[in-house]
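Here's model.pdb, which has PDB, C-alpha atoms:
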ATOM      1  CA  MET I   1     -18.114  38.378  -6.731
ATOM      2  CA  PHE I   2     -18.535  39.208 -10.376
ATOM      3  CA  GLN I   3     -21.850  40.587 -11.536
ATOM      4  CA  PHE I   4     -24.488  38.588 -13.287
ATOM      5  CA  LYS I   5     -26.256  40.217 -16.175
ATOM      6  CA  GLY I   6     -29.316  38.079 -16.386
ATOM      7  CA  HIS I   7     -28.871  34.703 -17.981
ATOM      8  CA  GLN I   8     -25.244  34.171 -18.858
ATOM      9  CA  PRO I   9     -24.791  31.143 -21.054
ATOM     10  CA  MET I  10     -20.997  31.224 -21.027
ATOM     11  CA  LEU I  11     -18.590  31.166 -18.168
ATOM     12  CA  SER I  12     -17.184  34.634 -17.691
ATOM     13  CA  GLY I  13     -13.492  35.283 -18.102
ATOM     14  CA  GLN I  14     -13.322  36.112 -14.438
ATOM     15  CA  LEU I  15     -14.651  32.694 -13.611
ATOM     16  CA  VAL I  16     -11.800  31.011 -15.432
ATOM     17  CA  LEU I  17      -9.359  32.993 -13.349
ATOM     18  CA  ARG I  18     -11.246  32.139 -10.203
ATOM     19  CA  LEU I  19     -10.927  28.459 -11.032
ATOM     20  CA  PHE I  20      -7.228  29.113 -10.849
ATOM     21  CA  SER I  21      -7.239  31.177  -7.694
ATOM     22  CA  MET I  22      -9.392  28.634  -5.842
ATOM     23  CA  ALA I  23      -6.528  26.228  -6.229
ATOM     24  CA  SER I  24      -4.180  28.210  -4.040
ATOM     25  CA  ARG I  25      -6.552  27.891  -1.106
ATOM     26  CA  ILE I  26      -6.958  24.189  -1.713
ATOM     27  CA  CYS I  27      -3.243  23.634  -2.143
ATOM     28  CA  MET I  28      -2.308  25.516   0.976
ATOM     29  CA  SER I  29      -4.887  23.897   3.182
ATOM     30  CA  ARG I  30      -3.502  20.457   2.424
ATOM     31  CA  GLY I  31       0.013  20.056   3.775
ATOM     32  CA  SER I  32       2.207  20.671   0.797
ATOM     33  CA  ALA I  33       4.521  17.873  -0.188
ATOM     34  CA  GLY I  34       7.550  18.188   2.031
ATOM     35  CA  SER I  35       6.151  21.232   3.923
ATOM     36  CA  GLY I  36       8.920  23.568   2.926
ATOM     37  CA  VAL I  37      11.623  20.937   2.659
ATOM     38  CA  ILE I  38      13.425  21.201  -0.658
ATOM     39  CA  GLY I  39      13.851  17.803  -2.233
ATOM     40  CA  PRO I  40      16.501  16.722  -4.709
ATOM     41  CA  VAL I  41      14.293  17.177  -7.752
ATOM     42  CA  GLU I  42      13.427  20.716  -6.774
ATOM     43  CA  ALA I  43      17.088  21.486  -6.152
ATOM     44  CA  ALA I  44      18.033  20.061  -9.540
ATOM     45  CA  ILE I  45      15.356  22.078 -11.319
ATOM     46  CA  ARG I  46      16.596  25.241  -9.710
ATOM     47  CA  THR I  47      20.228  24.565 -10.539
ATOM     48  CA  LYS I  48      19.575  23.645 -14.141
ATOM     49  CA  LEU I  49      17.360  26.642 -14.824
ATOM     50  CA  GLU I  50      19.918  28.935 -13.258
ATOM     51  CA  GLN I  51      22.617  27.526 -15.459
ATOM     52  CA  ALA I  52      20.604  27.498 -18.650
ATOM     53  CA  LEU I  53      18.780  30.804 -18.399
ATOM     54  CA  ASN I  54      20.694  32.996 -15.962
ATOM     55  CA  PRO I  55      17.412  34.268 -14.541
ATOM     56  CA  GLU I  56      16.901  37.509 -12.712
ATOM     57  CA  VAL I  57      14.057  35.920 -10.837
ATOM     58  CA  LEU I  58      13.338  32.254 -10.331
ATOM     59  CA  GLU I  59      10.311  31.256  -8.344
ATOM     60  CA  LEU I  60       9.738  27.571  -8.015
ATOM     61  CA  ARG I  61       6.952  25.846  -6.171
ATOM     62  CA  ASN I  62       6.447  22.148  -5.557
ATOM     63  CA  GLU I  63       2.723  21.690  -6.072
ATOM     64  CA  SER I  64       2.689  17.933  -5.657
ATOM     65  CA  GLY I  65       0.788  18.262  -2.388
ATOM     66  CA  GLY I  66      -2.245  19.389  -4.314
ATOM     67  CA  HIS I  67      -2.374  16.294  -6.492
ATOM     68  CA  ALA I  68      -3.184  12.621  -6.179
ATOM     69  CA  VAL I  69       0.364  11.528  -5.326
ATOM     70  CA  PRO I  70       1.970  10.341  -2.071
ATOM     71  CA  PRO I  71       3.250  12.893   0.465
ATOM     72  CA  GLY I  72       6.781  14.013  -0.175
ATOM     73  CA  SER I  73       6.398  13.632  -3.919
ATOM     74  CA  GLU I  74       8.219  15.851  -6.340
ATOM     75  CA  THR I  75       6.048  15.365  -9.371
ATOM     76  CA  HIS I  76       4.161  18.620  -9.971
ATOM     77  CA  PHE I  77       5.891  21.973 -10.123
ATOM     78  CA  ARG I  78       5.160  25.553 -11.035
ATOM     79  CA  VAL I  79       7.967  27.854 -12.078
ATOM     80  CA  ALA I  80       8.262  31.505 -12.961
ATOM     81  CA  VAL I  81      11.460  32.296 -14.827
ATOM     82  CA  VAL I  82      12.440  35.859 -15.565
ATOM     83  CA  SER I  83      15.277  36.126 -18.025
ATOM     84  CA  SER I  84      16.441  38.505 -20.701
ATOM     85  CA  ARG I  85      17.207  35.400 -22.755
ATOM     86  CA  PHE I  86      13.491  35.259 -23.464
ATOM     87  CA  GLU I  87      13.539  38.554 -25.350
ATOM     88  CA  GLY I  88      12.199  38.150 -28.858
ATOM     89  CA  LEU I  89      11.109  34.582 -28.282
ATOM     90  CA  SER I  90       7.539  33.385 -28.631
ATOM     91  CA  PRO I  91       5.892  31.729 -25.623
ATOM     92  CA  LEU I  92       6.350  28.381 -27.318
ATOM     93  CA  GLN I  93      10.058  28.972 -27.851
ATOM     94  CA  ARG I  94      10.464  30.101 -24.264
ATOM     95  CA  HIS I  95       8.754  27.040 -22.886
ATOM     96  CA  ARG I  96      10.856  24.789 -25.070
ATOM     97  CA  LEU I  97      13.989  26.365 -23.613
ATOM     98  CA  VAL I  98      12.772  25.545 -20.136
ATOM     99  CA  HIS I  99      11.885  22.016 -21.188
ATOM    100  CA  ALA I 100      15.298  21.537 -22.719
ATOM    101  CA  ALA I 101      17.001  22.544 -19.485
ATOM    102  CA  LEU I 102      14.856  20.084 -17.557
ATOM    103  CA  SER I 103      14.662  17.234 -20.047
ATOM    104  CA  GLU I 104      15.966  14.706 -17.538
ATOM    105  CA  GLU I 105      13.451  15.638 -14.867
ATOM    106  CA  LEU I 106      10.598  15.715 -17.348
ATOM    107  CA  ALA I 107      11.536  12.301 -18.679
ATOM    108  CA  GLY I 108      11.699  11.131 -15.092
ATOM    109  CA  PRO I 109       9.832  12.126 -11.967
ATOM    110  CA  VAL I 110       8.178  15.353 -13.085
ATOM    111  CA  HIS I 111       4.661  14.805 -14.451
ATOM    112  CA  ALA I 112       3.539  18.383 -14.583
ATOM    113  CA  LEU I 113       5.359  21.656 -15.034
ATOM    114  CA  ALA I 114       3.472  24.927 -15.164
ATOM    115  CA  ILE I 115       5.633  27.641 -16.658
ATOM    116  CA  GLN I 116       5.598  31.413 -16.617
ATOM    117  CA  ALA I 117       8.410  32.591 -18.845
ATOM    118  CA  ARG I 118       8.771  36.358 -18.750
ATOM    119  CA  THR I 119      11.231  39.000 -19.778
ATOM    120  CA  PRO I 120      12.309  41.378 -17.019
ATOM    121  CA  ALA I 121       9.994  44.081 -18.360
ATOM    122  CA  GLN I 122       7.014  41.736 -18.404
ATOM    123  CA  TRP I 123       7.718  40.570 -14.878
ATOM    124  CA  LYS I 124       7.826  44.112 -13.585
ATOM    125  CA  GLU I 125       4.270  44.611 -14.841
ATOM    126  CA  ASN I 126       3.052  41.589 -12.952
ATOM    127  CA  PRO I 127       5.544  40.083 -10.519
ATOM    128  CA  GLN I 128       3.532  37.114  -9.391
ATOM    129  CA  LEU I 129       3.702  33.366  -9.466
ATOM    130  CA  ASP I 130       0.270  32.223 -10.599
ATOM    131  CA  THR I 131      -1.589  29.369  -8.996
ATOM    132  CA  SER I 132      -2.560  26.134 -10.662
ATOM    133  CA  PRO I 133      -6.079  24.843 -11.162
ATOM    134  CA  PRO I 134      -7.306  22.211  -8.718
ATOM    135  CA  CYS I 135      -6.397  18.597  -9.353
ATOM    136  CA  LEU I 136      -9.179  16.504 -10.836
ATOM    137  CA  GLY I 137      -7.750  13.158  -9.827
ATOM    138  CA  GLY I 138      -5.661  12.266 -12.839
ATOM    139  CA  SER I 139      -5.544   8.677 -13.966
ATOM    140  CA  LYS I 140      -6.457   7.466 -10.502
ATOM    141  CA  LYS I 141      -9.882   9.025 -10.646
ATOM    142  CA  SER I 142     -12.358   6.219 -11.038
ATOM    143  CA  ARG I 143     -14.649   6.409 -13.977
ATOM    144  CA  ASN I 144     -18.144   4.978 -14.215
TER     145      ASN I 144
ATOM    146  CA  MET W 145     -20.977  30.348  -7.153
ATOM    147  CA  SER W 146     -21.736  26.674  -7.623
ATOM    148  CA  GLY W 147     -25.253  27.571  -8.753
ATOM    149  CA  SER W 148     -24.045  29.822 -11.517
ATOM    150  CA  LEU W 149     -21.409  27.311 -12.521
ATOM    151  CA  GLY W 150     -24.067  24.645 -12.744
ATOM    152  CA  ARG W 151     -26.253  26.790 -14.981
ATOM    153  CA  ALA W 152     -23.382  27.804 -17.200
ATOM    154  CA  ALA W 153     -22.078  24.256 -17.453
ATOM    155  CA  ALA W 154     -25.538  22.932 -18.192
ATOM    156  CA  ALA W 155     -26.094  25.511 -20.885
ATOM    157  CA  ALA W 156     -22.720  24.697 -22.431
ATOM    158  CA  ALA W 157     -23.475  20.991 -22.325
ATOM    159  CA  THR W 158     -26.837  21.545 -23.981
ATOM    160  CA  ALA W 159     -25.154  23.562 -26.689
ATOM    161  CA  LEU W 160     -22.756  20.698 -27.302
ATOM    162  CA  LEU W 161     -25.548  18.161 -27.586
ATOM    163  CA  ARG W 162     -27.553  20.314 -29.935
ATOM    164  CA  TRP W 163     -24.557  20.655 -32.222
ATOM    165  CA  GLY W 164     -25.244  17.089 -33.126
ATOM    166  CA  ARG W 165     -22.042  15.775 -34.587
ATOM    167  CA  GLY W 166     -20.255  12.910 -32.996
ATOM    168  CA  VAL W 167     -18.752   9.497 -33.208
ATOM    169  CA  GLY W 168     -21.131   6.940 -31.810
ATOM    170  CA  GLY W 169     -23.006   7.969 -28.721
ATOM    171  CA  GLY W 170     -21.915   6.908 -25.339
ATOM    172  CA  LEU W 171     -20.137   9.045 -22.863
ATOM    173  CA  ARG W 172     -18.270  11.108 -25.364
ATOM    174  CA  GLY W 173     -20.130  14.155 -26.570
ATOM    175  CA  PRO W 174     -20.196  15.431 -30.099
ATOM    176  CA  GLY W 175     -16.940  16.837 -31.288
ATOM    177  CA  VAL W 176     -14.971  14.400 -29.157
ATOM    178  CA  ARG W 177     -13.182  11.888 -31.327
ATOM    179  CA  ALA W 178     -11.742   8.526 -30.453
ATOM    180  CA  ALA W 179      -8.123   8.350 -31.517
ATOM    181  CA  GLY W 180      -8.376   4.634 -32.176
ATOM    182  CA  SER W 181      -5.959   2.080 -30.891
ATOM    183  CA  GLY W 182      -4.683   1.043 -34.277
ATOM    184  CA  GLY W 183      -1.552   2.801 -35.329
ATOM    185  CA  SER W 184      -1.486   4.945 -32.232
ATOM    186  CA  GLY W 185       1.880   6.530 -31.822
ATOM    187  CA  SER W 186       2.912   6.531 -35.457
ATOM    188  CA  SER W 187       3.680  10.015 -36.636
ATOM    189  CA  GLU W 188       1.605   9.633 -39.781
ATOM    190  CA  HIS W 189      -1.383   8.722 -37.663
ATOM    191  CA  LEU W 190      -0.881  11.697 -35.370
ATOM    192  CA  ASP W 191      -0.154  13.946 -38.320
ATOM    193  CA  ALA W 192      -3.544  13.030 -39.733
ATOM    194  CA  LEU W 193      -5.256  13.548 -36.384
ATOM    195  CA  VAL W 194      -3.955  17.042 -35.784
ATOM    196  CA  LYS W 195      -4.822  18.130 -39.302
ATOM    197  CA  LYS W 196      -8.279  16.580 -39.448
ATOM    198  CA  ASP W 197      -9.883  19.318 -37.388
ATOM    199  CA  LYS W 198      -9.207  23.007 -36.950
ATOM    200  CA  VAL W 199      -8.981  22.742 -33.197
ATOM    201  CA  VAL W 200      -7.429  19.610 -31.736
ATOM    202  CA  VAL W 201      -6.615  19.043 -28.089
ATOM    203  CA  PHE W 202      -5.010  16.178 -26.233
ATOM    204  CA  LEU W 203      -6.366  15.895 -22.718
ATOM    205  CA  LYS W 204      -6.355  13.757 -19.652
ATOM    206  CA  GLY W 205     -10.005  12.855 -19.546
ATOM    207  CA  THR W 206     -12.765  14.263 -21.730
ATOM    208  CA  PRO W 207     -14.346  17.687 -22.053
ATOM    209  CA  GLU W 208     -17.335  16.351 -20.145
ATOM    210  CA  GLN W 209     -15.189  14.761 -17.469
ATOM    211  CA  PRO W 210     -11.685  16.162 -17.378
ATOM    212  CA  GLN W 211      -9.358  14.256 -15.080
ATOM    213  CA  CYS W 212      -6.726  16.907 -14.710
ATOM    214  CA  GLY W 213      -6.980  20.527 -13.663
ATOM    215  CA  PHE W 214      -4.735  21.701 -16.487
ATOM    216  CA  SER W 215      -6.721  19.783 -19.080
ATOM    217  CA  ASN W 216      -9.885  21.203 -17.591
ATOM    218  CA  ALA W 217      -8.503  24.705 -17.975
ATOM    219  CA  VAL W 218      -8.110  24.131 -21.714
ATOM    220  CA  VAL W 219     -11.691  22.863 -21.927
ATOM    221  CA  GLN W 220     -13.008  25.869 -20.020
ATOM    222  CA  ILE W 221     -11.132  28.357 -22.160
ATOM    223  CA  LEU W 222     -12.482  26.829 -25.355
ATOM    224  CA  ARG W 223     -15.951  26.855 -23.856
ATOM    225  CA  LEU W 224     -15.581  30.511 -22.972
ATOM    226  CA  HIS W 225     -14.813  31.344 -26.572
ATOM    227  CA  GLY W 226     -17.763  29.310 -27.763
ATOM    228  CA  VAL W 227     -15.610  26.790 -29.603
ATOM    229  CA  ARG W 228     -17.996  23.873 -29.649
ATOM    230  CA  ASP W 229     -16.730  21.704 -32.426
ATOM    231  CA  TYR W 230     -13.254  20.496 -31.672
ATOM    232  CA  ALA W 231     -11.483  17.175 -31.518
ATOM    233  CA  ALA W 232     -10.484  16.073 -28.050
ATOM    234  CA  TYR W 233      -8.308  12.992 -27.571
ATOM    235  CA  ASN W 234      -8.101  11.410 -24.164
ATOM    236  CA  VAL W 235      -4.565  10.202 -23.552
ATOM    237  CA  LEU W 236      -5.759   8.173 -20.609
ATOM    238  CA  ASP W 237      -8.061   6.208 -22.834
ATOM    239  CA  ASP W 238      -5.549   3.614 -23.833
ATOM    240  CA  PRO W 239      -6.534  -0.047 -24.221
ATOM    241  CA  GLN W 240      -3.392  -1.174 -22.465
ATOM    242  CA  LEU W 241      -4.181   1.055 -19.552
ATOM    243  CA  ARG W 242      -7.755  -0.224 -19.348
ATOM    244  CA  GLN W 243      -6.522  -3.777 -18.984
ATOM    245  CA  ALA W 244      -4.210  -2.841 -16.154
ATOM    246  CA  PRO W 245      -5.145  -4.143 -12.692
ATOM    247  CA  SER W 246      -6.514  -1.782 -10.092
ATOM    248  CA  TRP W 247      -4.070   0.442  -8.232
ATOM    249  CA  PRO W 248      -2.538  -1.471  -5.337
ATOM    250  CA  SER W 249       0.010  -0.077  -2.872
ATOM    251  CA  SER W 250       1.643   3.260  -3.361
ATOM    252  CA  GLU W 251       4.948   1.738  -4.399
ATOM    253  CA  GLN W 252       3.382  -0.196  -7.167
ATOM    254  CA  ASN W 253       1.500   2.936  -8.061
ATOM    255  CA  HIS W 254       4.762   4.511  -9.074
ATOM    256  CA  GLN W 255       5.714   1.478 -11.115
ATOM    257  CA  MET W 256       2.359   1.439 -12.831
ATOM    258  CA  VAL W 257       2.670   5.099 -13.618
ATOM    259  CA  ALA W 258       6.148   4.615 -14.994
ATOM    260  CA  LEU W 259       5.109   1.658 -17.151
ATOM    261  CA  SER W 260       1.932   3.142 -18.440
ATOM    262  CA  GLN W 261       3.313   6.573 -19.092
ATOM    263  CA  GLU W 262       5.062   5.255 -22.117
ATOM    264  CA  ALA W 263       2.090   3.252 -23.280
ATOM    265  CA  ARG W 264      -0.670   5.643 -22.645
ATOM    266  CA  HIS W 265       0.216   8.881 -24.304
ATOM    267  CA  LEU W 266      -0.470   7.922 -27.907
ATOM    268  CA  GLY W 267       3.061   8.965 -28.738
ATOM    269  CA  ILE W 268       1.866  12.528 -28.713
ATOM    270  CA  LYS W 269       4.688  13.721 -26.493
ATOM    271  CA  ASP W 270       7.244  12.530 -29.003
ATOM    272  CA  TYR W 271       5.278  13.809 -31.944
ATOM    273  CA  SER W 272       4.880  17.304 -30.501
ATOM    274  CA  ASN W 273       8.235  17.224 -28.762
ATOM    275  CA  TRP W 274       6.376  18.433 -25.703
ATOM    276  CA  PRO W 275       6.609  16.619 -22.411
ATOM    277  CA  THR W 276       3.212  17.237 -20.860
ATOM    278  CA  ILE W 277      -0.534  17.051 -21.394
ATOM    279  CA  PRO W 278      -2.688  18.982 -22.291
ATOM    280  CA  GLN W 279      -1.590  19.914 -25.794
ATOM    281  CA  VAL W 280      -3.354  22.255 -28.177
ATOM    282  CA  TYR W 281      -3.213  22.260 -31.973
ATOM    283  CA  LEU W 282      -4.740  24.999 -34.108
ATOM    284  CA  ASN W 283      -4.960  24.388 -37.832
ATOM    285  CA  GLY W 284      -2.576  21.476 -37.597
ATOM    286  CA  GLU W 285       0.033  23.528 -35.825
ATOM    287  CA  PHE W 286       1.161  22.934 -32.272
ATOM    288  CA  VAL W 287       0.363  25.928 -30.100
ATOM    289  CA  GLY W 288       1.381  24.828 -26.637
ATOM    290  CA  GLY W 289      -0.088  23.659 -23.392
ATOM    291  CA  CYS W 290      -2.474  25.119 -20.878
ATOM    292  CA  ASP W 291      -0.187  27.989 -19.809
ATOM    293  CA  ILE W 292       0.227  29.233 -23.351
ATOM    294  CA  LEU W 293      -3.453  28.904 -24.155
ATOM    295  CA  LEU W 294      -4.315  30.857 -21.036
ATOM    296  CA  GLN W 295      -1.844  33.550 -22.002
ATOM    297  CA  MET W 296      -3.345  33.749 -25.489
ATOM    298  CA  HIS W 297      -6.794  33.989 -23.963
ATOM    299  CA  GLN W 298      -5.741  36.805 -21.643
ATOM    300  CA  ASN W 299      -3.911  38.901 -24.231
ATOM    301  CA  GLY W 300      -6.456  38.556 -27.020
ATOM    302  CA  ASP W 301      -4.314  36.369 -29.266
ATOM    303  CA  LEU W 302      -6.725  33.468 -29.043
ATOM    304  CA  VAL W 303      -9.574  35.526 -30.452
ATOM    305  CA  GLU W 304      -7.311  36.434 -33.373
ATOM    306  CA  GLU W 305      -6.122  32.908 -34.002
ATOM    307  CA  LEU W 306      -9.681  31.596 -33.950
ATOM    308  CA  LYS W 307     -10.678  34.317 -36.378
ATOM    309  CA  LYS W 308      -7.995  33.113 -38.793
ATOM    310  CA  LEU W 309      -9.620  29.704 -38.641
ATOM    311  CA  GLY W 310     -13.001  31.159 -39.410
ATOM    312  CA  ILE W 311     -14.191  30.716 -35.837
ATOM    313  CA  ARG W 312     -15.783  33.714 -34.253
ATOM    314  CA  SER W 313     -15.068  33.834 -30.570
ATOM    315  CA  ALA W 314     -18.135  34.155 -28.375
ATOM    316  CA  LEU W 315     -16.291  36.797 -26.394
ATOM    317  CA  LEU W 316     -16.580  39.177 -29.322
ATOM    318  CA  ASP W 317     -20.335  38.901 -29.145
ATOM    319  CA  GLU W 318     -20.270  39.385 -25.402
ATOM    320  CA  ALA W 319     -18.239  42.555 -25.813
ATOM    321  CA  LYS W 320     -20.646  43.773 -28.460
ATOM    322  CA  ASP W 321     -23.622  43.235 -26.171
ATOM    323  CA  GLN W 322     -21.957  45.147 -23.426
ATOM    324  CA  ASP W 323     -21.063  48.032 -25.696
ATOM    325  CA  SER W 324     -24.573  48.433 -26.936
ATOM    326  CA  LYS W 325     -26.093  48.732 -23.454
TER     327      LYS W 325
END
Translate the structure described by the file into structure tokens.
Amino acid sequence: MFQFKGHQPMLSGQLVLRLFSMASRICMSRGSAGSGVIGPVEAAIRTKLEQALNPEVLELRNESGGHAVPPGSETHFRVAVVSSRFEGLSPLQRHRLVHAALSEELAGPVHALAIQARTPAQWKENPQLDTSPPCLGGSKKSRN
Amino acid sequence: MSGSLGRAAAAAATALLRWGRGVGGGLRGPGVRAAGSGGSGSSEHLDALVKKDKVVVFLKGTPEQPQCGFSNAVVQILRLHGVRDYAAYNVLDDPQLRQAPSWPSSEQNHQMVALSQEARHLGIKDYSNWPTIPQVYLNGEFVGGCDILLQMHQNGDLVEELKKLGIRSALLDEAKDQDSK
């Protein structure tokens, strides 16, 4: 655990990252949507990103199982795309390229898309698909 | 860990309340604005909203009660940097959505989601040309979603961008304290 230096009024940076890493345990303990079966949306995402960005690495994970949607859903995804086409582009520009490739899916079934857009050099430094923060219920969470 | 989280969250909440600004009372804390139902979706309206405050975020839920893990991440990052006064618009807080019946079977769930998706997002997706929530604006300029904000937080860019807005990140003070020990 991280150290506490007396009274700490702000959440430490490590805590933010732990909020993210907690999610992987939660997501894996629930059966993930499809349990390894690749659905049509996932297949389409992969194909389109391959065509648009010619990636060296493409890691795609259906995270729908960790959210308030029915089993087998293909609504929440996380993708890491490693492509030299990202060289010289800002994060915003990179994400927009990914969005453009997946405009149909994003206008349709995909509600959430977490993106890591890296150049090959950046990926080498940290070759890892991050994990998403835990779902907080979305619009189905009842409010008092 | 939950104990420390509780203390930190409580301290942050107290800080927010002490700051004192706000629109009406109620469940929304100070700094959280209501977008208003009138004119929602028009680009002039949204243009005004994103320029009205230095830091503007569009969330699912509120900073006090985020309803999405990604939106919560944005809230936590801002909290970490000590950004207390920012405008947060809840895209779920749409009058049309409020009048919708309760969620019935899962099939109708999908229909409801499809119908309300268009209605509920204040037109912000079209305005930003960005397909998801949360969305972050700094100084009237679109910055990105949760992934980009997290990246900026991790590589120090966020501290710099806040500085340009005249906001001193709390992390700078933390670093100073640690150096002086």
(request) Can you work out the spacing between atom CA of W:Lys198 and atom CA of W:Ala231 in Å, to one decimal? (result) 8.3 Å
8 Å per side around stretch 60-72 of chain I: axis-aligned box centre and edge lengths, as lines of an AutoDock Vina configuration file:
center_x = 3.3
center_y = 19.0
center_z = -3.8
size_x = 28.9
size_y = 33.2
size_z = 24.5
(message) Can you tell me which residues surround W:Gly300 at a distance of at most 12 Å, considering all atoms listed in the file, apart from same-chain residues fewer than 6 positions away, and format the answer as a ChimeraX atom specification?
(response) /I:13 /W:225,293-294,306-307,313,315-316
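Excluding I:Pro120 and any residue on its chain fewer than 4 positions from it, the residues at most 10 Å away by all atoms listed in the file are Pro55, Glu56, Val57, Val81, Val82, Ser83, Ser84, Arg85, Phe86, Glu87, Lys124, Glu125 and Pro127 of chain I.
As for atom CA of W:Lys195 and atom CA of W:Gly284, they are spaced 4.4 Å apart.
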(request) For atom CA of W:Gly288 and atom CA of I:Leu92, quote the distance in Å rounded to one decimal. (result) 6.1 Å
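Proximity ranking of W:Cys212, W:Val219, W:Leu236, W:Met296 relative to I:Ala112 places W:Cys212 first, based on only C-alpha atoms.
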(message) What's around I:Gly137 at 12 Å? Count all atoms listed in the file, leave out sequence neighbours fewer than 4 positions away in its own chain, and write the answer as a PyMOL selection string.
(response) (chain I and resi 66-69+133+141-143) or (chain W and resi 204-205+209-216)
(request) Spell out the residues picked by the PyMOL selection byres ((chain I and resi 102-110) around 9) here, as a ChimeraX atom specification. (result) /I:41,44-45,48-49,73-77,97-101,111-113 /W:258,275-276
(request) Carefully work through the PyMOL selection byres ((chain I and resi 128) around 12) for this structure and note down the residues it includes, as a PyMOL selection string. (result) chain I and resi 57-60+78-82+116-118+122-127+129-131
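Comparing the minimum interatomic distances between chain W and each of I:Gln93, I:Ala43, I:Ser139, I:Ala52, counting only C-alpha atoms, we find that I:Ser139 sits nearest.
Of the listed residues W:Glu188, W:Asp291, W:Asp321, W:Gly310, the one whose atoms come nearest to I:Arg94 is W:Asp291, with distances taken using only C-alpha atoms.
Using all atoms listed in the file, the shortest contact distance between chain I and any of W:Arg223, W:Leu203, W:Lys269, W:Tyr233 is found at W:Arg223.
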(request) Counting all atoms listed in the file, figure out which residue out of W:Leu222, W:Val235, W:Ile277, W:Leu282 gets nearest to W:Val200. (result) W:Leu282
(message) With distances taken over only C-alpha atoms, which residue among W:His297, W:Glu318, W:Asn273, W:Glu208 lies nearest W:Ile221?
(response) W:His297
